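Engineer: Sharing my_file.pdb here; it has PDB, C-alpha atoms, pLDDT in the B column.
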```
MODEL        1
ATOM      1  CA  MET A   1      11.997  -0.001  41.234  1.00 60.00           C
ATOM      2  CA  ARG A   2      13.531   1.410  38.169  1.00 68.00           C
ATOM      3  CA  HIS A   3      11.971   1.008  34.703  1.00 65.00           C
ATOM      4  CA  PRO A   4      14.124   0.428  31.623  1.00 63.00           C
ATOM      5  CA  PRO A   5      14.355   3.415  29.307  1.00 63.00           C
ATOM      6  CA  ALA A   6      11.655   3.614  26.660  1.00 63.00           C
ATOM      7  CA  LYS A   7      12.722   2.282  23.296  1.00 61.00           C
ATOM      8  CA  ASP A   8      12.902   4.827  20.523  1.00 59.00           C
ATOM      9  CA  MET A   9      10.525   3.455  17.866  1.00 57.00           C
ATOM     10  CA  ARG A  10      11.531   6.027  15.277  1.00 60.00           C
ATOM     11  CA  ASP A  11      14.745   4.142  14.513  1.00 57.00           C
ATOM     12  CA  ASP A  12      12.862   0.910  13.840  1.00 54.00           C
ATOM     13  CA  HIS A  13      10.344   2.714  11.677  1.00 55.00           C
ATOM     14  CA  ALA A  14      13.071   4.361   9.628  1.00 56.00           C
ATOM     15  CA  ARG A  15      14.766   1.002   9.088  1.00 60.00           C
ATOM     16  CA  ARG A  16      11.442  -0.695   8.330  1.00 64.00           C
ATOM     17  CA  ARG A  17      11.898  -3.286  11.053  1.00 60.00           C
ATOM     18  CA  ASN A  18       9.010  -5.275  12.403  1.00 59.00           C
ATOM     19  CA  THR A  19       9.266  -4.845  16.177  1.00 61.00           C
ATOM     20  CA  ARG A  20       6.504  -7.331  17.004  1.00 64.00           C
ATOM     21  CA  PRO A  21       7.650 -10.746  18.233  1.00 61.00           C
ATOM     22  CA  THR A  22       6.926 -13.650  15.951  1.00 63.00           C
ATOM     23  CA  ALA A  23       4.605 -16.440  17.005  1.00 64.00           C
ATOM     24  CA  ASP A  24       6.029 -19.862  17.821  1.00 62.00           C
ATOM     25  CA  PRO A  25       4.893 -22.093  14.924  1.00 58.00           C
ATOM     26  CA  GLY A  26       4.965 -25.305  17.005  1.00 59.00           C
ATOM     27  CA  PRO A  27       6.135 -28.797  16.034  1.00 60.00           C
ATOM     28  CA  ARG A  28       3.477 -29.417  13.342  1.00 58.00           C
ATOM     29  CA  ALA A  29       4.506 -26.401  11.301  1.00 53.00           C
ATOM     30  CA  ALA A  30       8.176 -27.397  11.421  1.00 54.00           C
ATOM     31  CA  ALA A  31       7.355 -30.763   9.846  1.00 57.00           C
ATOM     32  CA  ALA A  32       5.415 -29.106   7.029  1.00 58.00           C
ATOM     33  CA  GLY A  33       8.479 -27.199   5.822  1.00 58.00           C
ATOM     34  CA  PRO A  34       9.103 -23.504   5.363  1.00 61.00           C
ATOM     35  CA  ARG A  35       6.095 -21.356   4.639  1.00 61.00           C
ATOM     36  CA  PRO A  36       5.850 -17.758   3.474  1.00 59.00           C
ATOM     37  CA  VAL A  37       5.615 -15.110   6.153  1.00 61.00           C
ATOM     38  CA  ALA A  38       2.195 -13.500   6.560  1.00 61.00           C
ATOM     39  CA  GLY A  39       1.918 -10.392   4.438  1.00 59.00           C
ATOM     40  CA  SER A  40       4.828 -11.375   2.183  1.00 61.00           C
ATOM     41  CA  ASP A  41       2.742 -12.776  -0.652  1.00 58.00           C
ATOM     42  CA  SER A  42       4.602 -12.035  -3.850  1.00 62.00           C
ATOM     43  CA  GLY A  43       1.538 -12.790  -5.914  1.00 61.00           C
ATOM     44  CA  PRO A  44       1.089 -15.601  -8.389  1.00 62.00           C
ATOM     45  CA  GLY A  45       4.183 -17.303  -9.730  1.00 57.00           C
ATOM     46  CA  PRO A  46       5.268 -17.046 -13.333  1.00 55.00           C
ATOM     47  CA  ALA A  47       2.657 -18.289 -15.752  1.00 62.00           C
ATOM     48  CA  HIS A  48       5.278 -20.173 -17.759  1.00 61.00           C
ATOM     49  CA  PRO A  49       8.714 -21.487 -16.877  1.00 67.00           C
ATOM     50  CA  VAL A  50      11.601 -19.156 -17.566  1.00 69.00           C
ATOM     51  CA  ASP A  51      12.961 -19.698 -21.049  1.00 77.00           C
ATOM     52  CA  HIS A  52      16.742 -19.384 -20.883  1.00 81.00           C
ATOM     53  CA  GLY A  53      17.044 -19.435 -24.681  1.00 82.00           C
ATOM     54  CA  MET A  54      14.938 -16.292 -24.921  1.00 85.00           C
ATOM     55  CA  ARG A  55      16.954 -14.671 -22.143  1.00 87.00           C
ATOM     56  CA  TRP A  56      20.217 -15.281 -24.018  1.00 89.00           C
ATOM     57  CA  LEU A  57      18.711 -14.066 -27.287  1.00 88.00           C
ATOM     58  CA  LEU A  58      17.586 -10.797 -25.727  1.00 89.00           C
ATOM     59  CA  ALA A  59      20.932 -10.364 -23.938  1.00 91.00           C
ATOM     60  CA  ALA A  60      22.778 -10.775 -27.244  1.00 91.00           C
ATOM     61  CA  THR A  61      20.422  -8.252 -28.864  1.00 91.00           C
ATOM     62  CA  GLY A  62      21.099  -5.743 -26.098  1.00 92.00           C
ATOM     63  CA  ALA A  63      24.853  -6.271 -26.369  1.00 93.00           C
ATOM     64  CA  CYS A  64      24.750  -5.691 -30.136  1.00 92.00           C
ATOM     65  CA  LEU A  65      22.668  -2.544 -29.702  1.00 91.00           C
ATOM     66  CA  LEU A  66      25.042  -1.241 -27.049  1.00 93.00           C
ATOM     67  CA  GLY A  67      28.062  -1.978 -29.224  1.00 91.00           C
ATOM     68  CA  CYS A  68      26.359  -0.298 -32.174  1.00 90.00           C
ATOM     69  CA  ALA A  69      25.607   2.840 -30.185  1.00 90.00           C
ATOM     70  CA  VAL A  70      29.121   3.064 -28.758  1.00 90.00           C
ATOM     71  CA  LEU A  71      30.891   2.507 -32.069  1.00 88.00           C
ATOM     72  CA  ILE A  72      28.743   5.018 -33.925  1.00 86.00           C
ATOM     73  CA  ALA A  73      29.144   7.575 -31.108  1.00 88.00           C
ATOM     74  CA  VAL A  74      32.948   7.195 -31.179  1.00 85.00           C
ATOM     75  CA  ASP A  75      32.951   8.676 -34.679  1.00 80.00           C
ATOM     76  CA  GLY A  76      36.161   6.919 -35.638  1.00 83.00           C
ATOM     77  CA  SER A  77      37.273   5.628 -38.988  1.00 88.00           C
ATOM     78  CA  ASP A  78      35.010   4.300 -41.697  1.00 89.00           C
ATOM     79  CA  PHE A  79      35.706   0.745 -40.537  1.00 91.00           C
ATOM     80  CA  VAL A  80      34.502   1.532 -36.998  1.00 89.00           C
ATOM     81  CA  THR A  81      31.322   3.068 -38.408  1.00 89.00           C
ATOM     82  CA  PHE A  82      30.855   0.000 -40.639  1.00 90.00           C
ATOM     83  CA  VAL A  83      31.198  -2.356 -37.663  1.00 90.00           C
ATOM     84  CA  GLY A  84      28.715  -0.233 -35.686  1.00 90.00           C
ATOM     85  CA  ILE A  85      26.146  -0.361 -38.471  1.00 90.00           C
ATOM     86  CA  ALA A  86      26.733  -4.110 -38.884  1.00 93.00           C
ATOM     87  CA  LEU A  87      26.122  -4.631 -35.158  1.00 92.00           C
ATOM     88  CA  GLY A  88      22.884  -2.655 -35.498  1.00 92.00           C
ATOM     89  CA  GLY A  89      21.777  -4.944 -38.332  1.00 93.00           C
ATOM     90  CA  ILE A  90      22.657  -8.032 -36.317  1.00 93.00           C
ATOM     91  CA  ALA A  91      20.659  -6.643 -33.376  1.00 93.00           C
ATOM     92  CA  PHE A  92      17.651  -6.147 -35.647  1.00 93.00           C
ATOM     93  CA  VAL A  93      17.858  -9.742 -36.936  1.00 93.00           C
ATOM     94  CA  LEU A  94      18.213 -11.045 -33.356  1.00 92.00           C
ATOM     95  CA  LEU A  95      15.175  -9.024 -32.287  1.00 92.00           C
ATOM     96  CA  LEU A  96      13.065 -10.444 -35.119  1.00 94.00           C
ATOM     97  CA  SER A  97      14.303 -13.928 -34.204  1.00 92.00           C
ATOM     98  CA  ALA A  98      13.219 -13.355 -30.592  1.00 91.00           C
ATOM     99  CA  VAL A  99       9.740 -12.310 -31.734  1.00 92.00           C
ATOM    100  CA  PHE A 100       9.288 -15.391 -33.924  1.00 93.00           C
ATOM    101  CA  TYR A 101      10.750 -17.622 -31.198  1.00 91.00           C
ATOM    102  CA  ALA A 102       8.273 -16.233 -28.646  1.00 90.00           C
ATOM    103  CA  ILE A 103       5.364 -16.795 -31.036  1.00 92.00           C
ATOM    104  CA  GLY A 104       6.471 -20.361 -31.716  1.00 92.00           C
ATOM    105  CA  ARG A 105       6.867 -21.132 -28.005  1.00 90.00           C
ATOM    106  CA  SER A 106       3.377 -19.802 -27.246  1.00 90.00           C
ATOM    107  CA  GLU A 107       1.920 -21.953 -30.032  1.00 92.00           C
ATOM    108  CA  ASP A 108       3.760 -24.994 -28.632  1.00 91.00           C
ATOM    109  CA  ARG A 109       2.379 -24.316 -25.142  1.00 88.00           C
ATOM    110  CA  GLU A 110      -1.129 -23.905 -26.531  1.00 90.00           C
ATOM    111  CA  ARG A 111      -0.840 -27.157 -28.508  1.00 91.00           C
ATOM    112  CA  ALA A 112       0.460 -29.055 -25.440  1.00 89.00           C
ATOM    113  CA  GLU A 113      -2.372 -27.662 -23.316  1.00 88.00           C
ATOM    114  CA  ARG A 114      -4.943 -28.649 -25.925  1.00 88.00           C
ATOM    115  CA  GLU A 115      -3.518 -32.185 -26.127  1.00 88.00           C
ATOM    116  CA  SER A 116      -3.521 -32.530 -22.338  1.00 87.00           C
ATOM    117  CA  ARG A 117      -7.249 -31.683 -22.287  1.00 83.00           C
ATOM    118  CA  GLY A 118      -7.951 -34.578 -24.626  1.00 77.00           C
ATOM    119  CA  GLY A 119      -7.634 -32.983 -28.044  1.00 61.00           C
ATOM    120  CA  GLN A 120     -10.623 -30.682 -27.745  1.00 58.00           C
ATOM    121  CA  PRO A 121     -10.244 -27.442 -29.740  1.00 57.00           C
TER     122      PRO A 121
ENDMDL
END
```
Represent the structure from my file as structure tokens, please.

Structural biologist:
Amino acid sequence: MRHPPAKDMRDDHARRRNTRPTADPGPRAAAAGPRPVAGSDSGPGPAHPVDHGMRWLLAATGACLLGCAVLIAVDGSDFVTFVGIALGGIAFVLLLSAVFYAIGRSEDRERAERESRGGQP
């Protein structure tokens, strides 16, 4: 009787594969819906929903800063330098707006939480 060749486990380890067979979840688990795999806990979810307005505000700030840096580094005409400095100023105003927006959103969340508890301070 001939045995199959031994499997080289080094390849699986290098590729970070899990070589163990998975357990059959059975019919009850299928009805419950998909569940996370054991050991794949990503930790607690986000504390607050993602605010797309803040994301766009920070993206615009980054774009203005990048444009400012590129235009100033080009060292072109006076107009190009002016536009670069103007983009830097716009980025600064957008950054301050993002800070005040974040503060306002946190106050709104705190007020909504306080109201949901029955108005207790």

Engineer: Go through A:Phe92, A:Asp51, A:Gly67, A:Ala59 and flag the residue nearest Val80 in chain A, using all atoms listed in the file for the distances.

Structural biologist: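 Closest to Val80 in chain A of all the choices is A:Gly67.
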
Engineer: For range 101-109 of chain A, work out the shell of residues within 10 Å, counting only C-alpha atoms and skipping chain neighbours fewer than 5 positions away, then give it as a list in words.

Structural biologist: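 Surrounding residues, per the criterion: His48, Asp51, Gly53, Met54, Leu57, Leu95, Leu96, Arg114 and Glu115 of chain A.
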
Engineer: One number please: CA of Thr81 in chain A to CA of Ala60 in chain A, in Å, one decimal.

Structural biologist: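 Separating CA of Thr81 in chain A from CA of Ala60 in chain A is a distance of 19.7 Å.
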
Engineer: One decimal, in Å: what's the spacing between CA of Ala91 in chain A and CA of Leu65 in chain A?

Structural biologist: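 So the two atoms, CA of Ala91 in chain A and CA of Leu65 in chain A, lie 5.9 Å apart.
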
Engineer: Could the centre and edge lengths of an axis-aligned box, enclosing all atoms of range 69-88 of chain A in the file with 4 Å extra on each side, be given in Å to one decimal as lines of an AutoDock Vina configuration file?

Structural biologist:
```
center_x = 30.1
center_y = 2.0
center_z = -35.2
size_x = 22.4
size_y = 21.3
size_z = 20.9
```

Engineer: Taking 4 positions as the minimum chain separation for residues in the same chain, which residues sit within 12 Å of Trp56 in chain A when counting all atoms listed in the file? Answer as a PDB file with C-alpha atoms, in the frame of the given file.

Structural biologist:
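Ended up saving to out_4.pdb:
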```pdb
ATOM      1  CA  VAL A  50      11.601 -19.156 -17.566  1.00 69.00           C
ATOM      2  CA  ASP A  51      12.961 -19.698 -21.049  1.00 77.00           C
ATOM      3  CA  HIS A  52      16.742 -19.384 -20.883  1.00 81.00           C
ATOM      4  CA  ALA A  60      22.778 -10.775 -27.244  1.00 91.00           C
ATOM      5  CA  THR A  61      20.422  -8.252 -28.864  1.00 91.00           C
ATOM      6  CA  GLY A  62      21.099  -5.743 -26.098  1.00 92.00           C
ATOM      7  CA  ALA A  63      24.853  -6.271 -26.369  1.00 93.00           C
ATOM      8  CA  LEU A  94      18.213 -11.045 -33.356  1.00 92.00           C
ATOM      9  CA  LEU A  95      15.175  -9.024 -32.287  1.00 92.00           C
ATOM     10  CA  SER A  97      14.303 -13.928 -34.204  1.00 92.00           C
ATOM     11  CA  ALA A  98      13.219 -13.355 -30.592  1.00 91.00           C
TER      12      ALA A  98
END
```

Engineer: So the first atom is CA of Ile90 in chain A and the second is CA of Cys64 in chain A; what is the distance between them in Å, to one decimal place?

Structural biologist: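 Taking CA of Ile90 in chain A and CA of Cys64 in chain A, their separation equals 6.9 Å.
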